[in-house]
Amino acid sequence: MARPPGPLLLLLLPLRFLLHLSAAAGRPCGPAGLPRDTVLGLLGANITLTCQDEQPANATVLWQVEKQGAAGQLAEGNTLLLRQLRYEDSGHYSCSVGSHLLRSLRLLVAEPPETPQVSCYRRSHDKDVLCEWPQQKKPSPGTRAMLWVRRRFVAENATEQRCRYFSKARKFLCRLKVPPGTDDTKSLVVSTCVSNSAGGSAGKDKIITLSSVLRPDPPVNVTVQALERAPQRLQVNWSYPPSWDPRFYWLRFQVRYRPEPAPTFMEVDQVMTTWLDIRDAWRGTRHVVQVRAKDEFGHGTWSEWSQEAVGTPWTDPWELTSEMEPYSSQVPTEDDTYGVTLSPRLFEEDDANGAGGSVMESSTHPVASPYAFLVTGGSLLLGIALFVGIVVRYRQMWWTSGQETSKAEGEGQHMLVPLSLPPPTLSDTPLLSHPAPSAPGGLHTTQADYSSSGQ
């Protein structure tokens with residue numbers, strides 16, 4: 001029967017696990033070893049090459065160099081001083097006395113590499129992971145860049161990948177193969193190292209997941225079109241990037257636009273289609289539009305902005321003609337009037353000998369536009385119609401008022417004009433009233449007398 005592990009062994013197991021992780025994470029990143037008889041010179045520094053420890057007596061030491069397939073003779077002496085080293089100074093140097101070779105060595109001019117600042121991205125769910133970092137200067141010849149990837153918190157050997165330098169983009173690029181079915185949420189540790197003969201530099205470990213580094217390419221084929229009879233609308237269309245297959249996963253888009261005089265952009269988010277209708281464009285102004293994309297579920301980061309596309313809203317041709325009309329080919333003359341600029345053809349001679357040639361004087365009256373005639377004629381017709389309508393209306397009113405006046409005068413000859421006020425109504429007059437005292441010598445009139453007089 002096996003004995004259970006002791007307490008000391010239980011303590012050593014986690015320590016061994018941690019040591020294994022540190023060994024897997026930490027990679028040697030020192031300078032590359034120099035072969036024998038190779039001298040390292042730093043870029044931009046001075047260096048002195050020595051032929052022998054003791055200078056030969058009564059002998060002339062001659063230095064020669066062979067670089068890039070060409071040989072040349074240098075200065076004489078036991079030492080050779082090279083100033084402000086350049087990459088072109090790398091080569092084979094030899095010193096000799098006569099035909100006797102004393103020493104041969106190789107000079108390597110290099111510069112310590114820059115510390116890598118790595119960033120990783122994935123252009124779609126079915127693409128490999130690309131890790132890159134920029135370079136401020138061109139790396140020295142013989143510079144080597146390596147990248148290691150391993151799963152986090154797992155005791156396993158890291159995958160090693162060689163990186164390539166692109167001179168036009170001035171950056172190192174590494175490609176990581178992603179096996180099918182890999183979990184996008186598992187954490188990975190990325191380590192980098194750049195080294196050459198002058199030294200080595202390791203970058204800081206970067207922890208990533210396949211979903212967090214998702215970054216699509218920018219949309220393509222962005223166009224801006226004007227809509228008919230819509231002076232404040234623009235239609236923007238674009239396409240998915242070729243690296244993204246919309247059959248499996250979609251993209252959501254963000255559109256930004258601005259009129260060319262404005263310094264800042266206006267943005268529209270959460271666009272799931274490949275088109276957008278802008279409804280607040282500036283009339284008659286050219287607009288700049290850009291589009292970028294992101295995974296539909298929000299994984300990863302936004303793509304770079306697409307290339308700029310420009311467009312101008314629809315403009316009414318009548319408005320454009322009316323704006324341009326006063327600036328037709330009229331120029332001010334000396335007497336503050338406006339003349340017409342004539343074509344040079346009008347001043348050419350009729351024949352080669354100049355016989356019969358005449359010069360036409362420009363008219364001092366501006367050329368009238370046919371649109372001006374249409375507007376003037378329409379306004380005149382409308383004014384005449386209004387005048388005729390007013391005349392007809394007032395003529396009817398005058399005729400009607402004349403008829404009523406004549407009729408009223410004819411009927412007035414047979415009307416009876418009352419001599420006194422009409423009698424009050426029965427409701428306002430009491431049936432029996434006390435006679436009021438009359439003044440002495442006055443006229444007494446009763447109701448019966450008033451009725452008989454009315455008859």
# chains A, B, ... in the order shown; residues from 1 in each chain; ligands from 1
>>> residues_around(residues="stretch 271-283 of chain A", least_positions_apart="5", cutoff="8 Å", atoms="only C-alpha atoms", output="number ranges by chain")
A: 231-240, 251-255, 259, 313-315
>>> closest_atom_pairs(of="stretch 98-184 of chain A", to="stretch 81-86 of chain A", cutoff="10 Å", atoms="only C-alpha atoms", output="CSV")
residue,atom,partner,partner_atom,distance
A:Leu108,CA,A:Arg86,CA,9.8
A:Val109,CA,A:Arg86,CA,6.7
A:Ala110,CA,A:Arg86,CA,8.6
>>> write_last_selection(atoms="C-alpha atoms", output="compact mmCIF listing (two decimals), in the first residue's frame")
# COMPACT_ATOMS: atom_id res chain seq x y z
CA LEU A 108 29.72 44.41 -37.57
CA VAL A 109 27.91 47.73 -37.16
CA ALA A 110 24.64 47.36 -35.27
>>> closest_residue(among="A:Ser90, A:Leu386, A:Thr312, A:Pro246", to="A:Glu228", atoms="only C-alpha atoms")
A:Thr312
>>> atom_distance(atom1="atom CA of A:Arg162", atom2="atom CA of A:Thr38")
25.8 Å
>>> closest_residue(among="A:Val189, A:Val388, A:Leu374, A:Ala226", to="A:Leu210", atoms="only C-alpha atoms")
A:Val189
>>> residues_around(residues="A:Gly33", least_positions_apart="5", cutoff="10 Å", atoms="only C-alpha atoms", output="ChimeraX atom specification")
/A:196-199
>>> residues_around(residues="A:Asp126", least_positions_apart="6", cutoff="10 Å", atoms="only C-alpha atoms", output="MDAnalysis selection string")
chainID A and resid 178:180 243:245 248
>>> select_by_dssp(residues="stretch 49-282 of chain A", states="strand (DSSP E)", output="ChimeraX atom specification")
/A:49-50,62-67,70-76,79-82,91-97,100-110,119-122,129-134,144-151,159-162,164-166,171-176,188-196,199-202,206-208,220-226,234-239,251-259,266-271,275-278
>>> write_last_selection(atoms="C-alpha atoms", output="compact mmCIF listing (two decimals), in the first residue's frame")
# COMPACT_ATOMS: atom_id res chain seq x y z
CA LEU A 49 40.99 48.47 -34.83
CA THR A 50 44.37 47.13 -33.68
CA LEU A 62 48.93 48.49 -44.37
CA TRP A 63 45.15 48.18 -43.81
CA GLN A 64 42.70 46.89 -46.41
CA VAL A 65 38.92 46.49 -46.34
CA GLU A 66 36.56 44.30 -48.32
CA LYS A 67 32.85 45.14 -48.15
CA ALA A 70 34.66 45.55 -53.34
CA ALA A 71 38.18 45.86 -51.88
CA GLY A 72 39.99 49.07 -51.03
CA GLN A 73 43.20 50.25 -49.38
CA LEU A 74 43.06 52.29 -46.17
CA ALA A 75 45.56 54.11 -43.97
CA GLU A 76 48.92 52.83 -42.75
CA THR A 79 45.83 50.95 -35.55
CA LEU A 80 42.92 52.10 -37.69
CA LEU A 81 40.43 54.72 -36.42
CA LEU A 82 36.91 54.74 -37.88
CA GLY A 91 32.93 44.33 -43.67
CA HIS A 92 36.20 42.39 -43.49
CA TYR A 93 39.30 44.34 -42.44
CA SER A 94 42.85 43.00 -42.71
CA CYS A 95 46.32 44.33 -41.90
CA SER A 96 49.57 43.11 -43.48
CA VAL A 97 53.24 43.92 -43.86
CA HIS A 100 52.47 38.88 -45.14
CA LEU A 101 48.96 38.91 -43.56
CA LEU A 102 49.07 39.79 -39.89
CA ARG A 103 45.37 39.83 -38.89
CA SER A 104 41.92 39.57 -40.43
CA LEU A 105 38.71 40.49 -38.63
CA ARG A 106 35.07 41.25 -39.36
CA LEU A 107 33.46 44.51 -38.26
CA LEU A 108 29.72 44.41 -37.57
CA VAL A 109 27.91 47.73 -37.16
CA ALA A 110 24.64 47.36 -35.27
CA SER A 119 -0.75 44.83 -30.19
CA CYS A 120 -2.81 41.93 -31.57
CA TYR A 121 -5.97 41.87 -33.67
CA ARG A 122 -8.14 39.47 -35.64
CA VAL A 129 -4.45 36.46 -35.06
CA LEU A 130 -1.97 39.12 -36.20
CA CYS A 131 0.41 40.72 -33.69
CA GLU A 132 2.50 43.74 -34.63
CA TRP A 133 4.55 46.57 -33.21
CA PRO A 134 6.00 49.67 -34.90
CA ARG A 144 15.59 38.76 -35.12
CA ALA A 145 12.06 39.05 -33.66
CA MET A 146 10.27 36.16 -31.95
CA LEU A 147 6.83 35.71 -30.41
CA TRP A 148 5.59 33.05 -27.98
CA VAL A 149 1.95 32.20 -27.14
CA ARG A 150 0.66 29.94 -24.40
CA ARG A 151 -2.57 29.43 -22.49
CA THR A 159 4.14 28.09 -29.29
CA GLU A 160 7.03 29.91 -30.97
CA GLN A 161 6.52 32.10 -34.01
CA ARG A 162 9.05 34.04 -36.09
CA ARG A 164 8.81 39.52 -40.12
CA TYR A 165 9.81 43.14 -40.63
CA PHE A 166 8.05 45.24 -43.30
CA LYS A 171 6.76 47.43 -38.27
CA PHE A 172 7.19 43.80 -37.25
CA LEU A 173 4.31 41.42 -37.96
CA CYS A 174 3.64 37.93 -36.55
CA ARG A 175 0.87 35.51 -37.57
CA LEU A 176 -0.66 33.10 -35.04
CA LEU A 188 -3.68 33.64 -23.87
CA VAL A 189 -0.30 35.08 -22.86
CA VAL A 190 1.77 36.67 -25.65
CA SER A 191 5.53 37.26 -25.17
CA THR A 192 7.91 38.99 -27.58
CA CYS A 193 11.65 39.38 -27.97
CA VAL A 194 13.81 41.34 -30.43
CA SER A 195 17.55 40.74 -30.49
CA ASN A 196 20.68 41.28 -32.59
CA GLY A 199 21.68 43.48 -27.61
CA GLY A 200 18.21 42.11 -26.93
CA SER A 201 14.93 43.59 -25.70
CA ALA A 202 11.84 41.76 -24.42
CA LYS A 206 0.18 40.75 -23.11
CA ILE A 207 -2.93 38.82 -22.06
CA ILE A 208 -5.56 38.48 -24.80
CA VAL A 220 -15.34 49.56 -48.62
CA ASN A 221 -17.12 51.12 -51.61
CA VAL A 222 -18.51 54.06 -49.63
CA THR A 223 -20.61 56.32 -51.87
CA VAL A 224 -22.71 59.44 -51.23
CA GLN A 225 -25.65 60.20 -53.52
CA ALA A 226 -28.12 63.07 -53.69
CA LEU A 234 -28.03 62.38 -48.74
CA GLN A 235 -27.97 58.61 -49.24
CA VAL A 236 -24.80 56.81 -48.06
CA ASN A 237 -24.06 53.26 -49.24
CA TRP A 238 -21.16 50.93 -48.43
CA SER A 239 -20.14 47.25 -48.52
CA LEU A 251 -21.39 43.83 -38.45
CA ARG A 252 -22.84 46.98 -37.00
CA PHE A 253 -21.69 50.31 -38.36
CA GLN A 254 -21.07 53.85 -37.27
CA VAL A 255 -21.34 56.73 -39.74
CA ARG A 256 -19.90 60.18 -39.28
CA TYR A 257 -20.38 63.15 -41.61
CA ARG A 258 -19.80 66.88 -41.71
CA PRO A 259 -20.26 69.73 -44.16
CA MET A 266 -21.83 64.31 -36.51
CA GLU A 267 -22.12 60.58 -35.74
CA VAL A 268 -24.87 58.00 -36.17
CA ASP A 269 -24.52 54.72 -34.18
CA GLN A 270 -26.13 51.29 -34.25
CA VAL A 271 -26.58 51.08 -38.02
CA TRP A 275 -26.94 52.29 -46.12
CA LEU A 276 -28.01 55.43 -44.27
CA ASP A 277 -30.34 58.29 -45.18
CA ILE A 278 -29.02 61.63 -43.89
>>> atom_distance(atom1="atom CA of A:Ser303", atom2="atom CA of A:Gln290")
11.6 Å
>>> closest_residue(among="A:Thr115, A:Ala372, A:Val39, A:Pro219", to="A:Trp305", atoms="only C-alpha atoms")
A:Pro219
>>> closest_residue(among="A:Pro242, A:Cys51, A:Arg229, A:Ser140", to="A:Asp37", atoms="only C-alpha atoms")
A:Cys51
